[in-house]
$ cat target-v9.txt   # compact mmCIF, C-alpha atoms
# COMPACT_ATOMS: atom_id res chain seq x y z
CA MET A 13 0.00 0.00 0.00
CA VAL A 14 1.31 3.40 -0.95
CA GLY A 15 1.65 6.38 1.35
CA VAL A 16 1.43 4.69 4.70
CA SER A 17 4.64 4.39 6.59
CA MET A 18 5.82 1.61 8.85
CA GLU A 19 4.64 3.22 12.03
CA THR A 20 1.01 2.64 11.14
CA LYS A 21 1.53 -1.06 11.53
CA ASN A 22 1.96 -0.87 15.27
CA ILE A 23 -1.11 1.18 16.01
CA SER A 24 -3.16 -0.23 18.83
CA ARG A 25 -6.57 -1.70 18.18
CA ALA A 26 -8.08 1.06 20.31
CA VAL A 27 -6.76 3.77 18.00
CA ILE A 28 -7.88 1.87 14.92
CA LYS A 29 -11.30 1.58 16.47
CA ARG A 30 -11.47 5.35 16.80
CA LEU A 31 -10.21 6.17 13.29
CA PRO A 32 -13.55 5.70 11.48
CA ARG A 33 -15.11 8.09 13.96
CA TYR A 34 -12.46 10.75 13.25
CA TYR A 35 -13.07 10.13 9.59
CA ARG A 36 -16.80 10.65 10.02
CA TYR A 37 -16.41 13.88 12.00
CA LEU A 38 -13.88 15.28 9.57
CA GLY A 39 -16.21 14.38 6.69
CA GLU A 40 -19.01 16.33 8.37
CA LEU A 41 -16.70 19.32 8.85
CA LEU A 42 -15.76 19.15 5.18
CA GLU A 43 -19.42 19.09 4.17
CA ASN A 44 -19.84 22.26 6.20
CA ASN A 45 -16.85 23.87 4.48
CA VAL A 46 -14.72 23.99 7.62
CA GLU A 47 -11.08 24.20 6.52
CA ARG A 48 -9.19 24.11 9.79
CA ILE A 49 -9.96 22.87 13.26
CA SER A 50 -8.00 22.89 16.51
CA SER A 51 -7.68 19.76 18.61
CA SER A 52 -9.69 21.50 21.33
CA ALA A 53 -12.59 22.30 18.98
CA LEU A 54 -12.51 18.76 17.60
CA SER A 55 -12.36 17.53 21.18
CA GLU A 56 -15.53 19.37 22.08
CA ARG A 57 -17.44 18.02 19.08
CA MET A 58 -16.30 14.46 19.62
CA SER A 59 -16.38 14.29 23.43
CA VAL A 60 -12.81 13.03 23.47
CA THR A 61 -10.06 14.92 25.31
CA ALA A 62 -7.89 17.19 23.19
CA SER A 63 -4.81 15.37 24.41
CA GLN A 64 -6.29 12.05 23.31
CA ILE A 65 -6.91 13.51 19.86
CA ARG A 66 -3.38 14.86 19.57
CA GLN A 67 -2.00 11.52 20.74
CA ASP A 68 -4.14 9.55 18.29
CA LEU A 69 -3.37 11.76 15.33
CA ASN A 70 0.33 11.84 16.14
CA HIS A 71 0.42 8.18 15.21
CA PHE A 72 -0.03 9.27 11.65
CA GLY A 73 2.77 11.75 11.57
CA GLY A 74 0.99 14.56 13.44
CA PHE A 75 -0.79 16.53 10.77
CA GLY A 76 -1.52 19.42 13.15
CA GLN A 77 0.47 22.60 13.53
CA GLN A 78 0.87 24.30 16.89
CA GLY A 79 -1.53 27.22 17.21
CA TYR A 80 -2.85 26.64 13.74
CA GLY A 81 -4.89 23.50 14.04
CA TYR A 82 -5.49 20.69 11.64
CA ASN A 83 -6.15 21.03 7.95
CA VAL A 84 -9.48 19.23 7.75
CA GLU A 85 -9.28 18.08 4.15
CA TYR A 86 -5.70 16.86 4.48
CA LEU A 87 -6.43 14.96 7.67
CA TYR A 88 -9.63 13.50 6.17
CA THR A 89 -7.75 12.32 3.10
CA GLU A 90 -4.85 10.88 5.09
CA ILE A 91 -7.09 8.99 7.51
CA GLY A 92 -9.05 7.73 4.52
CA LYS A 93 -5.81 6.41 3.04
CA ILE A 94 -4.86 4.75 6.30
CA LEU A 95 -8.27 3.11 6.42
CA GLY A 96 -7.67 1.89 2.89
CA LEU A 97 -10.59 3.91 1.53
CA ASN A 98 -8.65 5.46 -1.33
CA ASP A 99 -8.73 2.09 -3.05
CA LYS A 100 -11.88 0.41 -4.30
CA HIS A 101 -12.81 -2.73 -2.38
CA SER A 102 -14.85 -5.49 -3.96
CA LEU A 103 -17.45 -7.06 -1.72
CA ILE A 104 -19.97 -9.83 -2.01
CA ILE A 105 -22.89 -10.59 0.28
CA VAL A 106 -23.41 -14.21 1.20
CA GLY A 107 -26.97 -14.72 2.41
CA ALA A 108 -29.78 -12.66 0.90
CA GLY A 109 -32.10 -12.84 3.90
CA ASN A 110 -33.41 -9.72 5.63
CA LEU A 111 -30.07 -8.51 6.85
CA GLY A 112 -28.23 -9.33 3.63
CA GLN A 113 -30.87 -7.46 1.67
CA ALA A 114 -30.66 -4.49 4.02
CA LEU A 115 -26.90 -4.34 3.52
CA ALA A 116 -27.28 -4.68 -0.24
CA LYS A 117 -29.72 -1.77 -0.32
CA SER A 118 -27.55 0.50 1.81
CA SER A 119 -25.85 3.31 -0.03
CA ASP A 120 -23.36 4.04 2.77
CA PHE A 121 -20.92 1.46 1.52
CA SER A 122 -20.61 2.48 -2.09
CA LYS A 123 -19.98 6.05 -0.90
CA ASN A 124 -16.88 4.79 0.89
CA GLY A 125 -15.48 2.85 -2.05
CA PHE A 126 -16.93 -0.58 -1.37
CA GLU A 127 -18.29 -2.12 -4.55
CA LEU A 128 -20.99 -4.75 -4.25
CA LYS A 129 -20.08 -7.32 -6.90
CA GLY A 130 -22.32 -10.25 -6.09
CA ILE A 131 -25.00 -11.66 -3.79
CA PHE A 132 -25.36 -15.38 -3.09
CA ASP A 133 -28.08 -17.49 -1.58
CA ILE A 134 -29.62 -20.96 -1.83
CA ASP A 135 -33.26 -19.82 -1.96
CA MET A 136 -34.51 -20.53 -5.51
CA ASP A 137 -37.17 -17.82 -5.12
CA LEU A 138 -34.45 -15.22 -4.67
CA ILE A 139 -31.93 -16.47 -7.22
CA GLY A 140 -32.16 -14.51 -10.44
CA THR A 141 -33.77 -11.46 -8.79
CA THR A 142 -31.70 -8.32 -8.31
CA ILE A 143 -31.04 -5.97 -5.42
CA SER A 144 -29.45 -2.60 -6.10
CA GLY A 145 -28.75 -3.79 -9.62
CA VAL A 146 -26.86 -6.88 -8.49
CA GLU A 147 -28.26 -10.29 -9.35
CA ILE A 148 -28.59 -12.93 -6.66
CA SER A 149 -26.74 -16.10 -7.69
CA HIS A 150 -26.70 -19.60 -6.32
CA MET A 151 -24.17 -20.38 -3.60
CA ASP A 152 -22.75 -23.11 -5.83
CA GLU A 153 -21.34 -20.36 -8.04
CA MET A 154 -19.76 -18.45 -5.17
CA PHE A 155 -16.36 -20.10 -5.13
CA ASP A 156 -15.62 -19.57 -8.84
CA PHE A 157 -17.01 -16.06 -8.75
CA VAL A 158 -14.78 -15.02 -5.85
CA HIS A 159 -11.78 -16.67 -7.41
CA ASP A 160 -12.29 -15.35 -10.95
CA ASN A 161 -13.12 -11.79 -9.87
CA ASN A 162 -10.52 -11.46 -7.14
CA ILE A 163 -13.16 -10.57 -4.59
CA GLU A 164 -11.57 -9.03 -1.52
CA MET A 165 -14.31 -9.12 1.12
CA ALA A 166 -17.48 -10.99 1.92
CA ALA A 167 -20.32 -10.06 4.23
CA LEU A 168 -21.56 -13.26 5.82
CA THR A 169 -25.25 -13.03 6.64
CA ILE A 170 -26.24 -16.67 6.84
CA PRO A 171 -27.33 -18.78 9.83
CA ARG A 172 -24.52 -19.66 12.21
CA GLU A 173 -24.75 -23.41 11.54
CA HIS A 174 -23.47 -22.91 7.98
CA ALA A 175 -21.19 -19.96 8.61
CA ILE A 176 -17.94 -21.72 9.46
CA LYS A 177 -18.06 -24.02 6.43
CA VAL A 178 -18.92 -21.20 4.05
CA ALA A 179 -16.26 -18.94 5.56
CA HIS A 180 -13.58 -21.54 4.87
CA LYS A 181 -14.82 -21.88 1.30
CA LEU A 182 -14.54 -18.11 0.88
CA VAL A 183 -11.01 -18.17 2.25
CA ASP A 184 -10.04 -20.99 -0.11
CA ALA A 185 -11.42 -18.93 -2.98
CA GLY A 186 -9.19 -16.03 -1.99
CA VAL A 187 -11.23 -13.65 0.15
CA LYS A 188 -9.07 -11.51 2.46
CA GLY A 189 -11.67 -10.19 4.85
CA ILE A 190 -14.95 -11.42 6.25
CA TRP A 191 -17.60 -9.15 7.69
CA ASN A 192 -19.24 -11.70 9.92
CA PHE A 193 -22.84 -11.21 10.99
CA ALA A 194 -23.35 -14.91 11.77
CA LEU A 195 -23.47 -15.51 15.50
CA THR A 196 -20.43 -17.71 15.69
CA ASP A 197 -16.68 -17.22 15.90
CA LEU A 198 -14.76 -17.97 12.73
CA ASP A 199 -11.40 -19.52 13.30
CA LEU A 200 -9.65 -18.64 10.05
CA PRO A 201 -6.03 -18.43 8.87
CA LYS A 202 -4.19 -15.37 10.21
CA HIS A 203 -3.96 -13.63 6.83
CA VAL A 204 -7.75 -13.41 6.65
CA LYS A 205 -9.27 -10.64 8.73
CA VAL A 206 -12.63 -11.00 10.42
CA GLU A 207 -14.80 -8.15 11.64
CA ASN A 208 -17.64 -9.47 13.75
CA VAL A 209 -21.01 -7.77 14.02
CA HIS A 210 -22.89 -9.84 16.55
CA LEU A 211 -26.14 -7.95 16.87
CA SER A 212 -27.73 -10.00 19.61
CA GLU A 213 -24.59 -9.60 21.74
CA SER A 214 -24.77 -5.87 21.19
CA LEU A 215 -28.37 -5.89 22.42
CA MET A 216 -27.30 -7.89 25.48
CA ARG A 217 -24.74 -5.23 26.35
CA LEU A 218 -27.49 -2.64 26.15
CA SER A 219 -29.63 -4.84 28.38
CA TYR A 220 -26.76 -5.08 30.88
CA ASN A 221 -26.26 -1.34 30.94
CA VAL A 222 -29.96 -0.54 31.21
CA THR A 223 -30.46 -3.13 33.95
CA HIS A 224 -27.58 -1.88 36.03
CA THR A 225 -28.47 1.75 35.60
CA SER A 226 -31.92 1.28 37.03
CA ASP A 227 -30.30 0.06 40.28
CA MET A 228 -28.73 3.40 40.92
CA MET B 21 -32.22 -5.93 40.29
CA VAL B 22 -32.30 -9.11 42.36
CA GLY B 23 -29.44 -11.54 42.75
CA VAL B 24 -26.61 -9.33 41.57
CA SER B 25 -24.30 -8.08 44.26
CA MET B 26 -22.47 -4.77 44.50
CA GLU B 27 -19.30 -6.05 42.93
CA THR B 28 -20.90 -6.34 39.49
CA LYS B 29 -21.20 -2.58 39.34
CA ASN B 30 -17.49 -2.06 39.02
CA ILE B 31 -16.88 -4.52 36.27
CA SER B 32 -14.79 -3.11 33.46
CA ARG B 33 -16.30 -2.48 30.05
CA ALA B 34 -13.93 -5.09 28.63
CA VAL B 35 -15.36 -7.81 30.83
CA ILE B 36 -18.92 -6.72 30.08
CA LYS B 37 -18.08 -6.88 26.41
CA ARG B 38 -17.02 -10.49 26.81
CA LEU B 39 -20.03 -11.61 28.84
CA PRO B 40 -22.43 -12.12 25.91
CA ARG B 41 -19.82 -14.33 24.30
CA TYR B 42 -19.52 -16.48 27.44
CA TYR B 43 -23.29 -16.61 27.50
CA ARG B 44 -23.40 -17.77 23.90
CA TYR B 45 -20.78 -20.51 24.40
CA LEU B 46 -22.42 -21.75 27.57
CA GLY B 47 -25.77 -21.81 25.75
CA GLU B 48 -24.23 -23.98 23.03
CA LEU B 49 -22.78 -26.33 25.66
CA LEU B 50 -26.20 -26.58 27.29
CA GLU B 51 -27.79 -27.41 23.95
CA ASN B 52 -25.29 -30.22 23.66
CA ASN B 53 -26.13 -31.45 27.16
CA VAL B 54 -22.70 -30.64 28.60
CA GLU B 55 -23.13 -30.31 32.37
CA ARG B 56 -19.66 -29.31 33.52
CA ILE B 57 -16.68 -27.68 31.88
CA SER B 58 -13.21 -26.78 33.10
CA SER B 59 -11.76 -23.33 32.47
CA SER B 60 -9.12 -24.97 30.26
CA ALA B 61 -11.72 -26.73 28.07
CA LEU B 62 -13.75 -23.52 27.84
CA SER B 63 -10.51 -21.70 27.06
CA GLU B 64 -9.82 -23.99 24.11
CA ARG B 65 -13.30 -23.56 22.67
CA MET B 66 -13.27 -19.78 23.06
CA SER B 67 -9.65 -19.01 22.16
CA VAL B 68 -9.26 -17.08 25.39
CA THR B 69 -6.64 -18.06 27.99
CA ALA B 70 -7.87 -20.16 30.90
CA SER B 71 -6.53 -17.58 33.33
CA GLN B 72 -8.52 -14.85 31.56
CA ILE B 73 -11.66 -16.95 31.89
CA ARG B 74 -11.06 -17.60 35.60
CA GLN B 75 -10.37 -13.91 36.14
CA ASP B 76 -13.50 -12.82 34.25
CA LEU B 77 -15.79 -15.29 35.94
CA ASN B 78 -14.37 -14.50 39.37
CA HIS B 79 -15.97 -11.10 39.05
CA PHE B 80 -19.28 -12.82 39.51
CA GLY B 81 -18.43 -14.69 42.64
CA GLY B 82 -16.33 -17.43 41.04
CA PHE B 83 -18.82 -20.11 40.13
CA GLY B 84 -16.10 -22.67 39.44
CA GLN B 85 -14.74 -25.26 41.82
CA GLN B 86 -11.10 -26.29 41.82
CA GLY B 87 -10.62 -29.55 39.94
CA TYR B 88 -14.31 -29.84 39.25
CA GLY B 89 -14.98 -27.16 36.69
CA TYR B 90 -17.96 -24.92 36.14
CA ASN B 91 -21.55 -26.02 36.32
CA VAL B 92 -22.66 -24.98 32.83
CA GLU B 93 -26.33 -24.42 33.56
CA TYR B 94 -25.65 -22.47 36.74
CA LEU B 95 -23.09 -20.26 35.09
CA TYR B 96 -25.34 -19.73 32.06
CA THR B 97 -28.23 -18.72 34.30
CA GLU B 98 -26.10 -16.42 36.45
CA ILE B 99 -24.52 -14.65 33.50
CA GLY B 100 -27.99 -14.33 31.99
CA LYS B 101 -29.14 -12.63 35.20
CA ILE B 102 -26.17 -10.29 35.20
CA LEU B 103 -26.96 -9.38 31.59
CA GLY B 104 -30.52 -8.67 32.66
CA LEU B 105 -31.91 -11.44 30.46
CA ASN B 106 -34.04 -13.03 33.16
CA ASP B 107 -36.39 -10.07 32.86
CA LYS B 108 -38.44 -9.28 29.78
CA HIS B 109 -37.38 -6.12 27.96
CA SER B 110 -39.81 -4.13 25.87
CA LEU B 111 -38.40 -2.78 22.65
CA ILE B 112 -39.65 -0.65 19.79
CA ILE B 113 -38.07 -0.13 16.39
CA VAL B 114 -37.98 3.42 15.11
CA GLY B 115 -37.52 3.40 11.36
CA ALA B 116 -39.02 0.59 9.28
CA GLY B 117 -36.54 0.81 6.42
CA ASN B 118 -34.47 -2.15 5.31
CA LEU B 119 -32.48 -2.46 8.49
CA GLY B 120 -35.46 -1.85 10.78
CA GLN B 121 -37.40 -4.51 8.91
CA ALA B 122 -34.50 -6.93 9.15
CA LEU B 123 -34.34 -6.41 12.92
CA ALA B 124 -38.10 -6.79 13.26
CA LYS B 125 -38.00 -10.09 11.38
CA SER B 126 -35.12 -11.50 13.42
CA SER B 127 -36.06 -14.20 15.90
CA ASP B 128 -32.81 -13.92 17.87
CA PHE B 129 -34.12 -11.14 20.06
CA SER B 130 -37.37 -12.68 21.25
CA LYS B 131 -35.38 -15.78 22.22
CA ASN B 132 -33.40 -13.65 24.65
CA GLY B 133 -36.39 -12.00 26.27
CA PHE B 134 -36.66 -8.87 24.15
CA GLU B 135 -40.27 -8.19 23.21
CA LEU B 136 -40.97 -6.13 20.12
CA LYS B 137 -43.89 -3.91 21.11
CA GLY B 138 -44.06 -1.39 18.28
CA ILE B 139 -42.57 -0.19 15.00
CA PHE B 140 -42.70 3.44 13.89
CA ASP B 141 -42.09 5.20 10.60
CA ILE B 142 -43.30 8.19 8.60
CA ASP B 143 -43.80 6.34 5.29
CA MET B 144 -47.56 6.18 4.68
CA ASP B 145 -47.09 3.11 2.48
CA LEU B 146 -45.68 1.21 5.46
CA ILE B 147 -47.97 2.49 8.18
CA GLY B 148 -50.75 0.01 8.93
CA THR B 149 -48.82 -2.96 7.57
CA THR B 150 -47.38 -5.51 9.98
CA ILE B 151 -44.00 -7.16 10.44
CA SER B 152 -43.71 -10.21 12.67
CA GLY B 153 -47.23 -9.51 13.85
CA VAL B 154 -46.45 -5.96 14.93
CA GLU B 155 -48.20 -3.09 13.19
CA ILE B 156 -46.18 -0.15 11.89
CA SER B 157 -47.51 3.11 13.36
CA HIS B 158 -46.86 6.74 12.55
CA MET B 159 -43.98 8.44 14.31
CA ASP B 160 -46.45 10.98 15.68
CA GLU B 161 -47.81 8.26 17.92
CA MET B 162 -44.39 7.20 19.20
CA PHE B 163 -44.13 9.48 22.22
CA ASP B 164 -47.47 8.49 23.75
CA PHE B 165 -46.92 4.84 22.97
CA VAL B 166 -43.55 4.77 24.72
CA HIS B 167 -44.89 6.70 27.66
CA ASP B 168 -48.12 4.74 28.10
CA ASN B 169 -46.50 1.32 27.67
CA ASN B 170 -43.37 1.96 29.70
CA ILE B 171 -41.17 1.00 26.77
CA GLU B 172 -37.63 0.33 27.96
CA MET B 173 -35.55 0.32 24.77
CA ALA B 174 -35.67 1.63 21.23
CA ALA B 175 -33.72 0.54 18.18
CA LEU B 176 -33.02 3.65 16.13
CA THR B 177 -32.79 2.82 12.43
CA ILE B 178 -33.50 6.19 10.83
CA PRO B 179 -31.21 8.49 8.84
CA ARG B 180 -28.63 10.31 10.94
CA GLU B 181 -30.07 13.77 10.23
CA HIS B 182 -33.19 12.94 12.26
CA ALA B 183 -31.60 10.66 14.83
CA ILE B 184 -30.63 13.16 17.50
CA LYS B 185 -34.02 14.84 17.62
CA VAL B 186 -35.90 11.55 17.72
CA ALA B 187 -33.55 10.16 20.38
CA HIS B 188 -34.29 13.09 22.66
CA LYS B 189 -38.00 12.57 22.13
CA LEU B 190 -37.61 8.91 23.10
CA VAL B 191 -35.72 9.91 26.22
CA ASP B 192 -38.41 12.42 27.16
CA ALA B 193 -40.99 9.70 26.74
CA GLY B 194 -39.10 7.51 29.20
CA VAL B 195 -36.88 5.16 27.19
CA LYS B 196 -33.87 3.90 29.17
CA GLY B 197 -31.72 2.51 26.39
CA ILE B 198 -31.16 3.26 22.74
CA TRP B 199 -29.75 0.79 20.27
CA ASN B 200 -28.37 3.28 17.82
CA PHE B 201 -27.83 2.27 14.19
CA ALA B 202 -27.90 5.87 12.94
CA LEU B 203 -24.45 7.05 11.97
CA THR B 204 -24.19 9.82 14.53
CA ASP B 205 -23.27 10.12 18.18
CA LEU B 206 -26.17 10.70 20.55
CA ASP B 207 -25.37 12.98 23.42
CA LEU B 208 -28.05 11.93 25.91
CA PRO B 209 -28.55 12.26 29.67
CA LYS B 210 -26.35 9.88 31.68
CA HIS B 211 -29.21 7.70 32.88
CA VAL B 212 -29.98 6.70 29.28
CA LYS B 213 -27.67 4.06 27.86
CA VAL B 214 -26.65 4.02 24.21
CA GLU B 215 -25.26 1.04 22.35
CA ASN B 216 -23.97 2.09 18.96
CA VAL B 217 -23.91 -0.18 15.93
CA HIS B 218 -22.19 1.86 13.27
CA LEU B 219 -22.03 -0.56 10.39
CA SER B 220 -20.06 1.56 7.98
CA GLU B 221 -17.42 2.16 10.64
CA SER B 222 -17.22 -1.57 11.19
CA LEU B 223 -16.64 -2.06 7.47
CA MET B 224 -13.90 0.59 7.57
CA ARG B 225 -12.10 -1.32 10.31
CA LEU B 226 -12.24 -4.41 8.12
CA SER B 227 -10.89 -2.34 5.25
CA TYR B 228 -8.04 -1.12 7.47
CA ASN B 229 -7.14 -4.63 8.56
CA VAL B 230 -7.33 -6.09 5.07
CA THR B 231 -5.30 -3.25 3.60
CA HIS B 232 -2.54 -3.51 6.17
CA THR B 233 -2.39 -7.28 5.99
CA SER B 234 -1.65 -7.30 2.32
CA ASP B 235 1.55 -5.33 3.05
CA MET B 236 3.05 -8.14 5.04
$ encode --input "target-v9.txt" --output "structure tokens"
Amino acid sequence: MVGVSMETKNISRAVIKRLPRYYRYLGELLENNVERISSSALSERMSVTASQIRQDLNHFGGFGQQGYGYNVEYLYTEIGKILGLNDKHSLIIVGAGNLGQALAKSSDFSKNGFELKGIFDIDMDLIGTTISGVEISHMDEMFDFVHDNNIEMAALTIPREHAIKVAHKLVDAGVKGIWNFALTDLDLPKHVKVENVHLSESLMRLSYNVTHTSDM
Amino acid sequence: MVGVSMETKNISRAVIKRLPRYYRYLGELLENNVERISSSALSERMSVTASQIRQDLNHFGGFGQQGYGYNVEYLYTEIGKILGLNDKHSLIIVGAGNLGQALAKSSDFSKNGFELKGIFDIDMDLIGTTISGVEISHMDEMFDFVHDNNIEMAALTIPREHAIKVAHKLVDAGVKGIWNFALTDLDLPKHVKVENVHLSESLMRLSYNVTHTSDM
């Protein structure tokens, strides 16, 4: 990857977790034609301490200038590069159920450079129909499609009992990242990255927090 | 809340984050009629160190016995209680777009004691139709509905430009927790808990990890 120096490789997971949020805030500033922002102003908007912001952004070579603030567009572009958003990323959706369809219909992804290349399912009623201009194909065609089109990422929105098997098939076909919505852990080779979105676990955390608040 | 002692209040966010995963694994063991499990066997299944597991579970009074392992059902039940899953939780969905519909159709939530009580939207084509047996009502009726029915939680699946205003309305009506899918931060009173699910940020983290892997 071009333009990202060695130091970005040792960034903690916590910082990486915060980067998309910086990217979002900077994008909103850009939309509002804000050219420069100080760490303290950014701090106020984001409810993060100014020192935390300076520390986080220093990981990427410290784009700020003392007393002058950050150049919003530059910082937005650089963080975008670090996140890999300057390149196009090909994506397929495996599982065209409710969630898979919702993802396919979302426009947020294409805005950020993710290109939906295919959708796969086993339901014959769905196969041959299109969502967002992409035709739903049979799962049997998934392996060749991923392989032949060099597909980089797959969103996995199938029931957990099939997820592990399908994930391995995707890896064998050459996928480098899996966006896993299936409620199971995927134990994949190290070179394949997994981002889990376990919605029912998220709702349990909310339940925990709500339950323990009402004690107080 | 009954049955949870003081010590659970000072549990770190990291431990709380792991609890739903313990709950899920223990549930799978129960389904397979496993009665007891050692921390080392659980460790192997979960890819977490045995000492981490002992440390985490000790927060809740240490349900394990030396050389004897954990009683799966007991631990499952206790963690369920800590997560607040022994009580029913009323939930509404605000925004019956693709994602809202996908959530409404999911059966995972009702299994865990979350009861879908209402769905709200402004689209006249949707209002009056039902999803999973729940009728979609107009947003204008949301406030009274939440107030009159003591609704505890709301899933917010509306565009970000309306999210903050609607969230405050929900809080005024008495909601205690918001499951926020809108791509914006909600700055709400402390007694209201927010669990964010920012899907496009999740996809950016996957992009980051995939991009920086391919360097190596």
$ closest_residue --input "target-v9.txt" --among "A:Gly92, A:Gly130, A:Gly81, A:Pro32" --to "A:Gln113" --atoms "all atoms listed in the file"
A:Gly130
$ closest_residue --input "target-v9.txt" --among "B:Ile184, B:Ile171, B:Ile147, B:Leu223" --to "chain A" --atoms "all atoms listed in the file"
B:Leu223
$ residues_around --input "target-v9.txt" --residues "stretch 52-62 of chain A" --least-positions-apart "2" --cutoff "12 Å" --atoms "all atoms listed in the file" --output "ChimeraX atom specification"
/A:30,33-38,40-41,46,48-50,64-69,76,78-84 /B:204-207
$ closest_atom_pairs --input "target-v9.txt" --of "chain B" --to "chain A" --cutoff "6 Å" --atoms "only C-alpha atoms" --output "CSV"
residue,atom,partner,partner_atom,distance
B:Pro40,CA,A:Glu213,CA,5.3
B:Leu103,CA,A:Tyr220,CA,4.4
B:Gly104,CA,A:Tyr220,CA,5.5
B:Asn118,CA,A:Ala114,CA,4.7
B:Leu119,CA,A:Ala114,CA,5.2
B:Ala122,CA,A:Asn110,CA,4.6
B:Gly197,CA,A:Val222,CA,6.0
B:Glu215,CA,A:Leu218,CA,5.7
B:Glu221,CA,A:Pro32,CA,5.3
B:Leu226,CA,A:Glu207,CA,5.7
B:Ser227,CA,A:Gly96,CA,5.8
B:Tyr228,CA,A:Leu95,CA,4.4
B:Val230,CA,A:Gly189,CA,6.0
B:Thr231,CA,A:Gly96,CA,5.7
$ atom_distance --input "target-v9.txt" --atom1 "atom CA of A:Met151" --atom2 "atom CA of A:Ile134"
5.8 Å
$ residues_around --input "target-v9.txt" --residues "B:Leu111" --least-positions-apart "2" --cutoff "6 Å" --atoms "only C-alpha atoms" --output "list in words"
Glu135, Leu136, Lys137, Met173 and Ala174 of chain B
$ atom_distance --input "target-v9.txt" --atom1 "atom CA of B:Glu51" --atom2 "atom CA of A:Lys177"
20.3 Å
$ residues_around --input "target-v9.txt" --residues "B:Ile156" --least-positions-apart "5" --cutoff "7 Å" --atoms "only C-alpha atoms" --output "list in words"
Gly138, Ile139, Phe140, Asp141, Leu146, Ile147, Gly148, Thr149 and Thr150 of chain B
$ atom_distance --input "target-v9.txt" --atom1 "atom CA of A:Val178" --atom2 "atom CA of A:Asp135"
15.6 Å
